[in-house]
file upload36.tsv (TSV, N, CA, C and O atoms)
chain	number	residue	atom	x	y	z
A	337	VAL	N	106.18	34.16	141.86
A	337	VAL	CA	107.55	34.63	141.92
A	337	VAL	C	108.32	34.14	140.69
A	337	VAL	O	109.13	34.87	140.17
A	338	TYR	N	108.06	32.92	140.28
A	338	TYR	CA	108.81	32.35	139.17
A	338	TYR	C	107.92	32.20	137.95
A	338	TYR	O	106.72	31.95	138.06
A	339	GLY	N	108.53	32.32	136.78
A	339	GLY	CA	107.83	32.13	135.52
A	339	GLY	C	107.73	30.65	135.19
A	339	GLY	O	108.20	29.78	135.94
A	340	ALA	N	107.16	30.35	134.04
A	340	ALA	CA	106.96	28.97	133.60
A	340	ALA	C	108.27	28.21	133.44
A	340	ALA	O	108.33	27.00	133.68
A	341	ASP	N	109.32	28.90	133.08
A	341	ASP	CA	110.61	28.23	132.86
A	341	ASP	C	111.47	28.12	134.12
A	341	ASP	O	112.62	27.74	134.07
A	342	GLY	N	110.91	28.50	135.26
A	342	GLY	CA	111.64	28.41	136.53
A	342	GLY	C	112.50	29.62	136.83
A	342	GLY	O	113.16	29.68	137.86
A	343	GLN	N	112.50	30.59	135.96
A	343	GLN	CA	113.27	31.81	136.17
A	343	GLN	C	112.43	32.83	136.93
A	343	GLN	O	111.20	32.78	136.91
A	344	THR	N	113.09	33.74	137.56
A	344	THR	CA	112.40	34.79	138.30
A	344	THR	C	111.57	35.63	137.33
A	344	THR	O	112.05	36.02	136.27
A	345	ASP	N	110.33	35.87	137.70
A	345	ASP	CA	109.42	36.66	136.88
A	345	ASP	C	109.76	38.14	137.03
A	345	ASP	O	109.67	38.70	138.12
A	346	CYS	N	110.14	38.80	135.94
A	346	CYS	CA	110.53	40.21	135.97
A	346	CYS	C	109.39	41.11	136.40
A	346	CYS	O	109.61	42.11	137.09
A	347	LYS	N	108.16	40.77	136.03
A	347	LYS	CA	107.01	41.59	136.41
A	347	LYS	C	106.84	41.60	137.93
A	347	LYS	O	106.51	42.62	138.52
A	348	PHE	N	107.07	40.45	138.55
A	348	PHE	CA	106.96	40.37	140.01
A	348	PHE	C	108.00	41.27	140.67
A	348	PHE	O	107.68	42.04	141.58
A	349	LEU	N	109.23	41.19	140.20
A	349	LEU	CA	110.28	42.01	140.79
A	349	LEU	C	110.01	43.50	140.59
A	349	LEU	O	110.22	44.30	141.50
A	350	GLN	N	109.52	43.86	139.43
A	350	GLN	CA	109.18	45.27	139.17
A	350	GLN	C	108.06	45.72	140.09
A	350	GLN	O	108.08	46.84	140.61
A	351	SER	N	107.07	44.85	140.30
A	351	SER	CA	105.96	45.19	141.20
A	351	SER	C	106.44	45.36	142.63
A	351	SER	O	105.99	46.26	143.34
A	352	MET	N	107.37	44.49	143.07
A	352	MET	CA	107.90	44.59	144.42
A	352	MET	C	108.69	45.89	144.60
A	352	MET	O	108.57	46.57	145.61
A	353	LYS	N	109.48	46.24	143.61
A	353	LYS	CA	110.25	47.49	143.69
A	353	LYS	C	109.33	48.70	143.71
A	353	LYS	O	109.57	49.66	144.45
A	354	ALA	N	108.26	48.65	142.94
A	354	ALA	CA	107.29	49.74	142.93
A	354	ALA	C	106.59	49.85	144.28
A	354	ALA	O	106.39	50.96	144.80
A	355	ALA	N	106.24	48.71	144.87
A	355	ALA	CA	105.59	48.72	146.18
A	355	ALA	C	106.53	49.28	147.24
A	355	ALA	O	106.11	50.07	148.09
A	356	LEU	N	107.80	48.88	147.22
A	356	LEU	CA	108.78	49.41	148.17
A	356	LEU	C	108.94	50.92	148.01
A	356	LEU	O	109.03	51.65	149.00
A	357	SER	N	108.96	51.37	146.78
A	357	SER	CA	109.08	52.80	146.53
A	357	SER	C	107.87	53.57	147.07
A	357	SER	O	108.01	54.62	147.70
A	358	ASP	N	106.68	53.01	146.85
A	358	ASP	CA	105.46	53.65	147.36
A	358	ASP	C	105.45	53.70	148.89
A	358	ASP	O	105.10	54.72	149.49
A	359	ILE	N	105.86	52.61	149.51
A	359	ILE	CA	105.87	52.56	150.97
A	359	ILE	C	106.93	53.50	151.53
A	359	ILE	O	106.71	54.15	152.55
A	360	ALA	N	108.06	53.60	150.87
A	360	ALA	CA	109.11	54.53	151.32
A	360	ALA	C	108.61	55.97	151.29
A	360	ALA	O	108.99	56.78	152.15
A	361	GLY	N	107.74	56.29	150.35
A	361	GLY	CA	107.20	57.63	150.25
A	361	GLY	C	106.20	57.97	151.34
A	361	GLY	O	105.92	59.14	151.60
A	362	VAL	N	105.68	56.95	152.01
A	362	VAL	CA	104.66	57.16	153.04
A	362	VAL	C	105.27	57.58	154.38
A	362	VAL	O	104.62	58.26	155.17
A	363	ILE	N	106.52	57.21	154.63
A	363	ILE	CA	107.09	57.41	155.96
A	363	ILE	C	107.15	58.88	156.37
A	363	ILE	O	106.89	59.20	157.53
A	364	ASP	N	107.44	59.78	155.45
A	364	ASP	CA	107.49	61.20	155.82
A	364	ASP	C	106.11	61.69	156.25
A	364	ASP	O	105.98	62.41	157.25
A	365	GLU	N	105.09	61.30	155.52
A	365	GLU	CA	103.73	61.69	155.87
A	365	GLU	C	103.31	61.05	157.20
A	365	GLU	O	102.68	61.69	158.04
A	366	LEU	N	103.69	59.80	157.41
A	366	LEU	CA	103.37	59.11	158.66
A	366	LEU	C	104.04	59.81	159.84
A	366	LEU	O	103.39	60.07	160.86
A	367	ARG	N	105.31	60.14	159.71
A	367	ARG	CA	106.03	60.83	160.80
A	367	ARG	C	105.45	62.21	161.09
A	367	ARG	O	105.40	62.64	162.23
A	368	HIS	N	105.00	62.89	160.05
A	368	HIS	CA	104.42	64.22	160.22
A	368	HIS	C	103.03	64.14	160.85
A	368	HIS	O	102.72	64.88	161.79
A	369	SER	N	102.19	63.25	160.35
A	369	SER	CA	100.80	63.17	160.82
A	369	SER	C	100.65	62.41	162.13
A	369	SER	O	99.74	62.70	162.91
A	370	PHE	N	101.53	61.42	162.35
A	370	PHE	CA	101.43	60.60	163.55
A	370	PHE	C	102.80	60.46	164.20
A	370	PHE	O	103.41	59.40	164.16
A	371	PRO	N	103.30	61.54	164.80
A	371	PRO	CA	104.63	61.48	165.41
A	371	PRO	C	104.65	60.55	166.61
A	371	PRO	O	103.63	60.37	167.29
A	372	ILE	N	105.79	59.95	166.84
A	372	ILE	CA	105.91	59.08	168.01
A	372	ILE	C	106.84	59.67	169.07
A	372	ILE	O	107.07	59.06	170.09
A	373	GLU	N	107.32	60.87	168.81
A	373	GLU	CA	108.15	61.54	169.81
A	373	GLU	C	107.23	62.14	170.88
A	373	GLU	O	106.17	62.67	170.59
A	374	ARG	N	107.69	62.08	172.11
A	374	ARG	CA	106.93	62.67	173.21
A	374	ARG	C	107.25	64.14	173.31
A	374	ARG	O	108.41	64.54	173.23
A	375	GLU	N	106.22	64.95	173.48
A	375	GLU	CA	106.43	66.39	173.60
A	375	GLU	C	106.83	66.78	175.02
A	375	GLU	O	107.59	67.70	175.23
A	376	LYS	N	106.29	66.09	176.00
A	376	LYS	CA	106.57	66.40	177.40
A	376	LYS	C	107.06	65.14	178.11
A	376	LYS	O	106.64	64.04	177.81
A	377	ALA	N	107.96	65.35	179.08
A	377	ALA	CA	108.45	64.23	179.87
A	377	ALA	C	107.30	63.62	180.66
A	377	ALA	O	106.43	64.32	181.17
A	378	GLY	N	107.28	62.31	180.73
A	378	GLY	CA	106.24	61.62	181.47
A	378	GLY	C	104.96	61.40	180.69
A	378	GLY	O	104.04	60.76	181.16
A	379	GLN	N	104.90	61.95	179.50
A	379	GLN	CA	103.71	61.78	178.66
A	379	GLN	C	103.89	60.51	177.83
A	379	GLN	O	104.94	60.27	177.26
A	380	GLY	N	102.86	59.68	177.77
A	380	GLY	CA	102.94	58.45	177.00
A	380	GLY	C	102.80	58.69	175.51
A	380	GLY	O	102.50	59.79	175.06
A	381	LEU	N	103.06	57.65	174.75
A	381	LEU	CA	102.92	57.72	173.30
A	381	LEU	C	101.47	57.44	172.91
A	381	LEU	O	100.77	56.68	173.57
A	382	SER	N	101.07	58.00	171.81
A	382	SER	CA	99.75	57.71	171.26
A	382	SER	C	99.75	56.26	170.79
A	382	SER	O	100.64	55.83	170.05
A	383	ARG	N	98.73	55.51	171.19
A	383	ARG	CA	98.63	54.12	170.76
A	383	ARG	C	98.42	54.02	169.26
A	383	ARG	O	98.93	53.12	168.60
A	384	ILE	N	97.66	54.95	168.72
A	384	ILE	CA	97.41	54.94	167.27
A	384	ILE	C	98.70	55.19	166.52
A	384	ILE	O	99.02	54.48	165.56
A	385	SER	N	99.47	56.20	166.94
A	385	SER	CA	100.74	56.49	166.28
A	385	SER	C	101.69	55.30	166.36
A	385	SER	O	102.30	54.91	165.36
A	386	ALA	N	101.82	54.73	167.53
A	386	ALA	CA	102.71	53.59	167.72
A	386	ALA	C	102.28	52.42	166.85
A	386	ALA	O	103.10	51.77	166.20
A	387	HIS	N	100.98	52.15	166.81
A	387	HIS	CA	100.44	51.04	166.02
A	387	HIS	C	100.72	51.25	164.53
A	387	HIS	O	101.16	50.34	163.82
A	388	LEU	N	100.48	52.45	164.03
A	388	LEU	CA	100.71	52.74	162.61
A	388	LEU	C	102.18	52.61	162.25
A	388	LEU	O	102.53	52.09	161.18
A	389	HIS	N	103.07	53.07	163.12
A	389	HIS	CA	104.50	52.96	162.85
A	389	HIS	C	104.94	51.50	162.85
A	389	HIS	O	105.75	51.08	162.02
A	390	LEU	N	104.41	50.71	163.79
A	390	LEU	CA	104.75	49.28	163.81
A	390	LEU	C	104.27	48.60	162.53
A	390	LEU	O	105.00	47.79	161.94
A	391	LEU	N	103.05	48.91	162.11
A	391	LEU	CA	102.54	48.32	160.87
A	391	LEU	C	103.40	48.70	159.67
A	391	LEU	O	103.69	47.87	158.81
A	392	TYR	N	103.78	49.96	159.61
A	392	TYR	CA	104.63	50.42	158.51
A	392	TYR	C	105.92	49.60	158.45
A	392	TYR	O	106.33	49.12	157.39
A	393	HIS	N	106.58	49.43	159.59
A	393	HIS	CA	107.85	48.72	159.60
A	393	HIS	C	107.67	47.23	159.31
A	393	HIS	O	108.53	46.62	158.67
A	394	GLN	N	106.56	46.65	159.75
A	394	GLN	CA	106.31	45.25	159.44
A	394	GLN	C	106.11	45.04	157.94
A	394	GLN	O	106.71	44.15	157.34
A	395	VAL	N	105.30	45.88	157.34
A	395	VAL	CA	105.03	45.75	155.90
A	395	VAL	C	106.29	46.01	155.09
A	395	VAL	O	106.61	45.26	154.17
A	396	SER	N	107.03	47.05	155.43
A	396	SER	CA	108.23	47.35	154.65
A	396	SER	C	109.27	46.24	154.82
A	396	SER	O	109.96	45.90	153.86
A	397	SER	N	109.35	45.63	155.99
A	397	SER	CA	110.29	44.52	156.19
A	397	SER	C	109.88	43.30	155.37
A	397	SER	O	110.72	42.65	154.76
A	398	LEU	N	108.60	43.01	155.36
A	398	LEU	CA	108.11	41.88	154.57
A	398	LEU	C	108.37	42.08	153.09
A	398	LEU	O	108.79	41.17	152.38
A	399	LEU	N	108.12	43.28	152.60
A	399	LEU	CA	108.33	43.55	151.19
A	399	LEU	C	109.81	43.50	150.83
A	399	LEU	O	110.19	43.00	149.77
A	400	ARG	N	110.67	43.99	151.72
A	400	ARG	CA	112.11	43.93	151.45
A	400	ARG	C	112.58	42.48	151.39
A	400	ARG	O	113.35	42.10	150.53
A	401	TYR	N	112.08	41.68	152.34
A	401	TYR	CA	112.46	40.28	152.38
A	401	TYR	C	111.96	39.55	151.13
A	401	TYR	O	112.67	38.75	150.54
A	402	ALA	N	110.74	39.85	150.71
A	402	ALA	CA	110.15	39.18	149.55
A	402	ALA	C	110.83	39.58	148.25
A	402	ALA	O	110.77	38.85	147.27
A	403	SER	N	111.48	40.73	148.22
A	403	SER	CA	112.09	41.20	146.97
A	403	SER	C	113.47	40.57	146.73
A	403	SER	O	114.05	40.75	145.69
A	404	TYR	N	114.00	39.82	147.70
A	404	TYR	CA	115.31	39.18	147.51
A	404	TYR	C	115.17	37.87	146.81
A	404	TYR	O	114.37	37.13	146.85

call {"tool": "encode", "arguments": {"input": "upload36.tsv", "output": "structure tokens"}}
result
Amino acid sequence: VYGADGQTDCKFLQSMKAALSDIAGVIDELRHSFPIEREKAGQGLSRISAHLHLLYHQVSSLLRYASY
């Protein structure tokens, strides 16, 4: 995170911003391919869809936190 002089490493911050941008681009594809909305009342959610959405939000939260 920090360079030799104790200052924030610009390359790290640029990499974090690029990673956040890449992850932000995935959400539309994730929502389209693995929707979590129920089509019929009383029908449960797909475990795979729910798991992938949870992972997406965990990773994006970690990256946002790390970029501060």

call {"tool": "closest_residue", "arguments": {"input": "upload36.tsv", "among": "A:Ser357, A:Ser369, A:Gln394, A:Ser351", "to": "Ser382 in chain A", "atoms": "only C-alpha atoms"}}
result
A:Ser369

call {"tool": "axis_aligned_box", "arguments": {"input": "upload36.tsv", "around": "range 367-383 of chain A", "padding_each_side": "5 Å", "output": "lines of an AutoDock Vina configuration file"}}
result
center_x = 103.4
center_y = 60.4
center_z = 170.6
size_x = 20.0
size_y = 24.6
size_z = 31.8

call {"tool": "residues_near_point", "arguments": {"input": "upload36.tsv", "point": "(104.6, 56.2, 165.9)", "cutoff": "4.5 Å", "atoms": "only N, CA, C and O atoms", "output": "JSON list (two decimals) with N, CA, C and O atoms, keeping the file's coordinate frame"}}
result
[["chain", "number", "residue", "atom", "x", "y", "z"],
["A", 370, "PHE", "N", 101.53, 61.42, 162.35],
["A", 370, "PHE", "CA", 101.43, 60.60, 163.55],
["A", 370, "PHE", "C", 102.80, 60.46, 164.20],
["A", 370, "PHE", "O", 103.41, 59.40, 164.16],
["A", 371, "PRO", "N", 103.30, 61.54, 164.80],
["A", 371, "PRO", "CA", 104.63, 61.48, 165.41],
["A", 371, "PRO", "C", 104.65, 60.55, 166.61],
["A", 371, "PRO", "O", 103.63, 60.37, 167.29],
["A", 372, "ILE", "N", 105.79, 59.95, 166.84],
["A", 372, "ILE", "CA", 105.91, 59.08, 168.01],
["A", 372, "ILE", "C", 106.84, 59.67, 169.07],
["A", 372, "ILE", "O", 107.07, 59.06, 170.09],
["A", 385, "SER", "N", 99.47, 56.20, 166.94],
["A", 385, "SER", "CA", 100.74, 56.49, 166.28],
["A", 385, "SER", "C", 101.69, 55.30, 166.36],
["A", 385, "SER", "O", 102.30, 54.91, 165.36],
["A", 386, "ALA", "N", 101.82, 54.73, 167.53],
["A", 386, "ALA", "CA", 102.71, 53.59, 167.72],
["A", 386, "ALA", "C", 102.28, 52.42, 166.85],
["A", 386, "ALA", "O", 103.10, 51.77, 166.20],
["A", 389, "HIS", "N", 103.07, 53.07, 163.12],
["A", 389, "HIS", "CA", 104.50, 52.96, 162.85],
["A", 389, "HIS", "C", 104.94, 51.50, 162.85],
["A", 389, "HIS", "O", 105.75, 51.08, 162.02]]

call {"tool": "atom_distance", "arguments": {"input": "upload36.tsv", "atom1": "CA of Ile359 in chain A", "atom2": "CA of Ile384 in chain A"}}
result
18.5 Å

call {"tool": "closest_atom_pairs", "arguments": {"input": "upload36.tsv", "of": "range 354-391 of chain A", "to": "range 396-402 of chain A", "cutoff": "12 Å", "atoms": "only C-alpha atoms", "output": "Markdown table"}}
result
| residue | atom | partner | partner_atom | distance |
| --- | --- | --- | --- | --- |
| A:Ala354 | CA | A:Leu399 | CA | 10.4 |
| A:Ala355 | CA | A:Leu399 | CA | 7.7 |
| A:Leu356 | CA | A:Leu399 | CA | 6.6 |
| A:Ser357 | CA | A:Ser396 | CA | 9.8 |
| A:Asp358 | CA | A:Ser396 | CA | 10.0 |
| A:Ile359 | CA | A:Ser396 | CA | 6.8 |
| A:Ala360 | CA | A:Ser396 | CA | 8.0 |
| A:Gly361 | CA | A:Ser396 | CA | 11.2 |
| A:Val362 | CA | A:Ser396 | CA | 10.6 |
| A:Ile363 | CA | A:Ser396 | CA | 10.2 |
| A:His389 | CA | A:Ser396 | CA | 10.6 |
| A:Leu390 | CA | A:Ser396 | CA | 10.0 |
| A:Leu391 | CA | A:Ser396 | CA | 8.5 |

call {"tool": "atom_distance", "arguments": {"input": "upload36.tsv", "atom1": "CA of Glu365 in chain A", "atom2": "CA of Gln379 in chain A"}}
result
22.8 Å
